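Content type CSV, C-alpha atoms, from the file final20.csv:
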```csv
chain,number,residue,atom,x,y,z
A,1,MET,CA,7.4,-66.5,-8.7
A,2,ILE,CA,8.8,-63.5,-10.7
A,3,LYS,CA,11.9,-61.7,-9.4
A,4,ALA,CA,13.0,-58.3,-10.7
A,5,TRP,CA,15.7,-55.8,-9.9
A,6,LEU,CA,16.5,-52.4,-11.1
A,7,VAL,CA,19.9,-51.8,-12.6
A,8,GLY,CA,21.1,-48.2,-12.4
A,9,GLY,CA,18.6,-47.2,-9.7
A,10,GLU,CA,20.9,-44.6,-8.3
A,11,ASP,CA,20.9,-42.8,-11.7
A,12,VAL,CA,17.1,-42.8,-11.7
A,13,VAL,CA,17.0,-41.3,-8.2
A,14,ALA,CA,19.6,-38.7,-9.1
A,15,LYS,CA,17.6,-37.7,-12.2
A,16,PHE,CA,14.4,-37.3,-10.1
A,17,ASN,CA,16.4,-35.2,-7.6
A,18,SER,CA,17.8,-33.0,-10.3
A,19,MET,CA,14.2,-32.3,-11.6
A,20,SER,CA,13.2,-30.7,-8.3
A,21,PRO,CA,15.0,-27.3,-8.9
A,22,ALA,CA,13.6,-27.1,-12.5
A,23,ILE,CA,10.1,-27.7,-11.1
A,24,ALA,CA,10.6,-25.1,-8.4
A,25,ASN,CA,11.9,-22.6,-11.1
A,26,SER,CA,8.8,-23.3,-13.2
A,27,LEU,CA,6.6,-22.8,-10.2
A,28,GLN,CA,8.2,-19.5,-9.5
A,29,LYS,CA,7.7,-18.3,-13.1
A,30,THR,CA,4.1,-19.4,-13.0
A,31,VAL,CA,3.4,-17.7,-9.7
A,32,GLY,CA,5.1,-14.5,-11.0
A,33,ARG,CA,2.9,-14.5,-14.1
A,34,LEU,CA,-0.3,-15.2,-12.1
A,35,THR,CA,0.5,-12.4,-9.6
A,36,LEU,CA,0.9,-10.0,-12.5
A,37,GLU,CA,-2.5,-11.1,-13.9
A,38,LEU,CA,-4.0,-10.6,-10.5
A,39,LEU,CA,-2.4,-7.1,-10.3
A,40,ARG,CA,-3.9,-6.2,-13.7
A,41,GLU,CA,-7.3,-7.5,-12.5
A,42,VAL,CA,-7.2,-5.3,-9.4
A,43,LYS,CA,-6.1,-2.2,-11.2
A,44,GLY,CA,-8.0,-2.6,-14.4
A,45,ASN,CA,-11.3,-3.8,-13.1
A,46,LYS,CA,-11.7,-3.6,-9.3
A,47,LEU,CA,-10.3,-0.1,-8.9
A,48,SER,CA,-11.9,1.2,-12.0
A,49,GLY,CA,-15.5,0.8,-11.2
A,50,GLN,CA,-16.4,-2.7,-10.0
A,51,ALA,CA,-15.5,-2.1,-6.4
A,52,LEU,CA,-14.2,1.5,-6.2
A,53,ASN,CA,-14.1,4.4,-8.6
A,54,VAL,CA,-10.9,6.3,-9.1
A,55,LYS,CA,-10.7,9.8,-7.6
A,56,THR,CA,-7.0,10.5,-7.4
A,57,GLY,CA,-5.4,7.3,-8.6
A,58,ARG,CA,-3.2,7.0,-5.6
A,59,LEU,CA,-4.5,3.6,-4.5
A,60,ARG,CA,-4.4,2.2,-8.0
A,61,ARG,CA,-0.8,3.4,-8.4
A,62,SER,CA,0.2,1.9,-5.1
A,63,ILE,CA,-0.9,-1.7,-6.0
A,64,ASN,CA,2.2,-3.9,-6.3
A,65,GLN,CA,3.2,-7.5,-6.6
A,66,ARG,CA,6.2,-9.6,-5.6
A,67,VAL,CA,7.2,-13.3,-5.6
A,68,GLU,CA,9.2,-14.9,-2.8
A,69,ALA,CA,10.8,-18.3,-3.2
A,70,ASN,CA,12.2,-20.1,-0.2
A,71,GLY,CA,13.3,-23.7,-1.0
A,72,SER,CA,10.3,-25.6,-2.4
A,73,LYS,CA,7.9,-22.9,-1.3
A,74,VAL,CA,6.8,-20.0,-3.6
A,75,ASP,CA,4.6,-17.2,-2.4
A,76,GLY,CA,3.0,-14.5,-4.6
A,77,TYR,CA,1.8,-11.3,-3.1
A,78,VAL,CA,-0.4,-8.5,-4.5
A,79,GLY,CA,-1.1,-5.6,-2.2
A,80,THR,CA,-0.6,-2.0,-1.3
A,81,ASN,CA,1.0,0.1,1.4
A,82,VAL,CA,-1.5,2.9,1.3
A,83,GLN,CA,-3.0,3.4,4.8
A,84,TYR,CA,-6.6,3.8,3.8
A,85,ALA,CA,-6.6,0.6,1.6
A,86,ALA,CA,-7.6,-1.6,4.6
A,87,TYR,CA,-10.5,0.8,5.4
A,88,GLN,CA,-11.7,0.3,1.8
A,89,GLU,CA,-11.1,-3.4,1.7
A,90,TYR,CA,-12.6,-4.4,5.0
A,91,GLY,CA,-14.9,-1.5,5.8
A,92,PHE,CA,-15.1,0.2,9.2
A,93,LYS,CA,-17.7,0.5,11.9
A,94,GLY,CA,-16.9,2.4,15.1
A,95,SER,CA,-15.8,5.7,16.4
A,96,GLN,CA,-13.3,7.9,14.6
A,97,ASN,CA,-11.4,10.9,16.0
A,98,VAL,CA,-11.3,13.9,13.7
A,99,LYS,CA,-8.5,16.4,14.2
A,100,ALA,CA,-9.1,20.1,14.4
A,101,HIS,CA,-8.9,21.6,10.9
A,102,LEU,CA,-9.9,24.5,8.6
A,103,ARG,CA,-12.9,24.0,6.3
A,104,MET,CA,-14.1,26.2,3.5
A,105,MET,CA,-17.6,27.3,4.3
A,106,THR,CA,-19.6,27.6,1.1
A,107,SER,CA,-23.1,27.2,2.5
A,108,ALA,CA,-24.9,27.8,5.7
A,109,PHE,CA,-28.4,26.6,6.7
A,110,GLY,CA,-28.9,25.1,3.2
A,111,LYS,CA,-28.1,28.3,1.4
A,112,THR,CA,-25.0,29.4,-0.6
A,113,VAL,CA,-22.8,31.9,1.2
A,114,LYS,CA,-22.0,35.1,-0.8
A,115,ASN,CA,-18.4,35.2,0.3
A,116,PRO,CA,-17.0,31.7,1.1
A,117,HIS,CA,-14.4,31.7,3.8
A,118,LYS,CA,-12.4,29.3,6.0
A,119,VAL,CA,-13.7,28.4,9.4
A,120,MET,CA,-12.1,26.4,12.2
A,121,VAL,CA,-13.6,23.0,13.0
A,122,SER,CA,-12.7,21.8,16.4
A,123,ALA,CA,-11.5,18.3,17.2
A,124,HIS,CA,-14.4,15.8,17.7
A,125,SER,CA,-15.3,12.1,17.3
A,126,ARG,CA,-17.9,10.7,15.0
A,127,GLN,CA,-19.6,7.4,14.5
A,128,VAL,CA,-18.7,5.7,11.2
A,129,ASN,CA,-20.5,2.7,9.5
A,130,TYR,CA,-18.5,2.4,6.2
A,131,PRO,CA,-19.2,-0.8,4.2
A,132,ASP,CA,-16.4,-2.9,2.7
A,133,HIS,CA,-15.4,-2.3,-0.9
A,134,SER,CA,-13.2,-5.4,-1.4
A,135,PHE,CA,-10.9,-5.0,-4.4
A,136,LEU,CA,-8.1,-7.4,-3.4
A,137,ARG,CA,-10.0,-10.3,-1.9
A,138,SER,CA,-12.7,-10.1,-4.5
A,139,ALA,CA,-10.2,-10.1,-7.4
A,140,LEU,CA,-8.4,-13.1,-5.9
A,141,ASN,CA,-11.8,-14.9,-5.5
A,142,ASP,CA,-12.7,-14.1,-9.1
A,143,MET,CA,-9.5,-15.6,-10.3
A,144,THR,CA,-9.2,-18.6,-8.1
A,145,ASP,CA,-10.3,-21.2,-10.7
A,146,GLN,CA,-8.0,-19.6,-13.3
A,147,ILE,CA,-5.1,-19.6,-10.9
A,148,GLN,CA,-5.6,-23.3,-9.9
A,149,SER,CA,-6.0,-24.6,-13.4
A,150,SER,CA,-3.1,-22.5,-14.7
A,151,MET,CA,-0.8,-23.9,-11.9
A,152,GLN,CA,-1.9,-27.4,-12.6
A,153,ILE,CA,-1.4,-27.1,-16.4
A,154,ASP,CA,2.0,-25.4,-16.1
A,155,LEU,CA,3.3,-28.0,-13.5
A,156,GLU,CA,2.0,-30.9,-15.6
A,157,LYS,CA,3.7,-29.6,-18.7
A,158,THR,CA,7.0,-29.0,-16.8
A,159,ALA,CA,6.9,-32.4,-15.3
A,160,HIS,CA,6.2,-34.0,-18.7
A,161,ASP,CA,9.0,-32.0,-20.4
A,162,LEU,CA,11.5,-33.0,-17.7
A,163,PHE,CA,10.5,-36.6,-17.8
A,164,MET,CA,10.9,-36.7,-21.5
A,165,LYS,CA,14.2,-35.0,-21.3
A,166,ASN,CA,15.6,-37.2,-18.5
A,167,PHE,CA,14.1,-40.6,-19.2
A,168,ILE,CA,13.2,-40.9,-22.9
A,169,LYS,CA,16.0,-40.9,-25.3
```
Here is the file; what I need is its structure written in the form of C-alpha cells.
Amino acid sequence: MIKAWLVGGEDVVAKFNSMSPAIANSLQKTVGRLTLELLREVKGNKLSGQALNVKTGRLRRSINQRVEANGSKVDGYVGTNVQYAAYQEYGFKGSQNVKAHLRMMTSAFGKTVKNPHKVMVSAHSRQVNYPDHSFLRSALNDMTDQIQSSMQIDLEKTAHDLFMKNFIK
C-alpha cells in the first residue's frame, strides 16, 4: 500500500484560482480580436459583392462590434442598427404598405416623356417576395472554423503560460 499527501495544497488551489481572471482577460482579448475580424469580413467581402453590392454605403458604415464580459462569460457582437438590414439579412415575403408619395414620371406606356414631371402616387399595398441576402450569418458561418481554432489555440497558450509562470520555477 502506498500513501501520499500533498504539502502546500492550499497554495496550489490559490494559484489555480488566481489564474481564472487571467484566462478570462485572455478570452476577452481573443473575442475582441475575432469580432474585429468578423466585422472586416462582413464589410470587406459580404457587403462588397458576395451578398450585397454597395449603393450608398450606409449599411456598411453602420456595421459595428462590441465585446461584453460578465464574470466568466464573454460575448462578442457584430451587427447594425439600420432598419432595413433585417430585410436584407432574412428576406421578406408578404404584404407591404406604401405611403403616398411624389414620383418623377420620366416615361409613360414604355416611351420617354418629353417633359418629366412629378406625379402623386396614392397610398397602396403591394405583395413582396424578396429573397434573403445574408451578410452577417453567412460571414459568421464562413469564419466558424477559424473562430473555434483561434479560441482553442489562444486559450491553450494562455493556460500553458500561466501554468509555467505559477508552477514551474
I'd like the contact shell of stretch 43-58 of chain A - 9 Å cut-off, all atoms listed in the file, skipping same-chain residues fewer than 4 positions apart - returned as a tab-separated table (two decimals) with C-alpha atoms, in the coordinates of the input.
```
chain	number	residue	atom	x	y	z
A	38	LEU	CA	-4.00	-10.60	-10.50
A	39	LEU	CA	-2.40	-7.10	-10.30
A	62	SER	CA	0.20	1.90	-5.10
A	63	ILE	CA	-0.90	-1.70	-6.00
A	82	VAL	CA	-1.50	2.90	1.30
A	88	GLN	CA	-11.70	0.30	1.80
A	133	HIS	CA	-15.40	-2.30	-0.90
A	134	SER	CA	-13.20	-5.40	-1.40
A	135	PHE	CA	-10.90	-5.00	-4.40
A	136	LEU	CA	-8.10	-7.40	-3.40
A	138	SER	CA	-12.70	-10.10	-4.50
A	139	ALA	CA	-10.20	-10.10	-7.40
```
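Atom pair atom CA of A:Arg61 / atom CA of A:Thr80: separated by 8.9 Å.
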Legend entry - Point-to-point distance in Å for atom CA of A:Arg40 and atom CA of A:Glu156: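 We find that atom CA of A:Glu156 and atom CA of A:Arg40 lie 25.5 Å from each other.
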Inset, instruction - In Å, rounded to a single decimal, give me how far atom CA of A:Ala22 is from atom CA of A:Asp75. - result: 16.8 Å
Inset, instruction - Measuring atom to atom with all atoms listed in the file, identify which of A:Leu162, A:Leu140, A:Met105, A:Ile147 is nearest to A:Val31. - result: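 For A:Val31, the nearest of the candidates is A:Ile147.
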Inset, instruction - May I have the residues within 12 Å of A:Pro116 as a PyMOL selection string, using all atoms listed in the file and disregarding those fewer than 6 positions away in the same chain? - result: chain A and resi 103-108
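With all atoms listed in the file as the atoms that count, the residue of A:Tyr90, A:Gln28, A:Phe109, A:Thr158 with the shortest distance to A:Asp132 is A:Tyr90.
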Show me as an mmCIF file with C-alpha atoms, keeping the file's coordinate frame the residues that reach within 8 Å of (-17.2, 7.8, 14.9), counting all atoms listed in the file and using the file's own coordinates.
```
data_model
loop_
_atom_site.group_PDB
_atom_site.id
_atom_site.type_symbol
_atom_site.label_atom_id
_atom_site.label_comp_id
_atom_site.auth_asym_id
_atom_site.auth_seq_id
_atom_site.Cartn_x
_atom_site.Cartn_y
_atom_site.Cartn_z
ATOM 1 C CA LYS A 93 -17.700 0.500 11.900
ATOM 2 C CA GLY A 94 -16.900 2.400 15.100
ATOM 3 C CA SER A 95 -15.800 5.700 16.400
ATOM 4 C CA GLN A 96 -13.300 7.900 14.600
ATOM 5 C CA ASN A 97 -11.400 10.900 16.000
ATOM 6 C CA SER A 125 -15.300 12.100 17.300
ATOM 7 C CA ARG A 126 -17.900 10.700 15.000
ATOM 8 C CA GLN A 127 -19.600 7.400 14.500
ATOM 9 C CA VAL A 128 -18.700 5.700 11.200
#
```
Inset, instruction - Please tell me which residues are no farther than 12 Å from (9.3, -20.0, -4.2) in the file, counting all atoms listed in the file, and write them as a ChimeraX atom specification. - result: /A:21-32,66-77
Since the input has fewer atoms than a full residue there, write stretch 37-52 of chain A out with N, CA, C and O atoms, as a tab-separated table (two decimals), in the coordinates of the input.
```tsv
chain	number	residue	atom	x	y	z
A	37	GLU	N	-1.08	-11.07	-13.40
A	37	GLU	CA	-2.50	-11.10	-13.90
A	37	GLU	C	-3.42	-10.62	-12.81
A	37	GLU	O	-4.38	-9.89	-13.10
A	38	LEU	N	-3.17	-11.02	-11.57
A	38	LEU	CA	-4.00	-10.60	-10.50
A	38	LEU	C	-3.88	-9.05	-10.27
A	38	LEU	O	-4.87	-8.35	-10.07
A	39	LEU	N	-2.67	-8.54	-10.36
A	39	LEU	CA	-2.40	-7.10	-10.30
A	39	LEU	C	-3.20	-6.36	-11.33
A	39	LEU	O	-3.85	-5.35	-11.06
A	40	ARG	N	-3.17	-6.87	-12.57
A	40	ARG	CA	-3.90	-6.20	-13.70
A	40	ARG	C	-5.42	-6.27	-13.40
A	40	ARG	O	-6.14	-5.32	-13.70
A	41	GLU	N	-5.91	-7.37	-12.85
A	41	GLU	CA	-7.30	-7.50	-12.50
A	41	GLU	C	-7.73	-6.45	-11.47
A	41	GLU	O	-8.77	-5.79	-11.60
A	42	VAL	N	-6.91	-6.31	-10.44
A	42	VAL	CA	-7.20	-5.30	-9.40
A	42	VAL	C	-7.22	-3.93	-9.94
A	42	VAL	O	-8.17	-3.17	-9.74
A	43	LYS	N	-6.16	-3.56	-10.65
A	43	LYS	CA	-6.10	-2.20	-11.20
A	43	LYS	C	-7.07	-1.92	-12.29
A	43	LYS	O	-7.68	-0.86	-12.32
A	44	GLY	N	-7.19	-2.87	-13.20
A	44	GLY	CA	-8.00	-2.60	-14.40
A	44	GLY	C	-9.50	-2.74	-14.15
A	44	GLY	O	-10.28	-2.05	-14.81
A	45	ASN	N	-9.92	-3.60	-13.26
A	45	ASN	CA	-11.30	-3.80	-13.10
A	45	ASN	C	-11.83	-3.35	-11.69
A	45	ASN	O	-12.77	-2.57	-11.59
A	46	LYS	N	-11.22	-3.86	-10.64
A	46	LYS	CA	-11.70	-3.60	-9.30
A	46	LYS	C	-11.59	-2.13	-8.88
A	46	LYS	O	-12.46	-1.58	-8.23
A	47	LEU	N	-10.47	-1.50	-9.26
A	47	LEU	CA	-10.30	-0.10	-8.90
A	47	LEU	C	-10.69	0.86	-9.97
A	47	LEU	O	-10.40	2.05	-9.91
A	48	SER	N	-11.38	0.36	-10.97
A	48	SER	CA	-11.90	1.20	-12.00
A	48	SER	C	-13.36	1.05	-12.24
A	48	SER	O	-13.86	1.08	-13.36
A	49	GLY	N	-14.06	0.82	-11.15
A	49	GLY	CA	-15.50	0.80	-11.20
A	49	GLY	C	-16.23	-0.34	-10.59
A	49	GLY	O	-17.34	-0.16	-10.11
A	50	GLN	N	-15.68	-1.55	-10.58
A	50	GLN	CA	-16.40	-2.70	-10.00
A	50	GLN	C	-16.54	-2.54	-8.47
A	50	GLN	O	-17.60	-2.76	-7.91
A	51	ALA	N	-15.43	-2.22	-7.81
A	51	ALA	CA	-15.50	-2.10	-6.40
A	51	ALA	C	-15.34	-0.64	-5.91
A	51	ALA	O	-16.04	-0.18	-5.03
A	52	LEU	N	-14.43	0.08	-6.53
A	52	LEU	CA	-14.20	1.50	-6.20
A	52	LEU	C	-14.03	2.28	-7.49
A	52	LEU	O	-13.55	1.75	-8.49
```
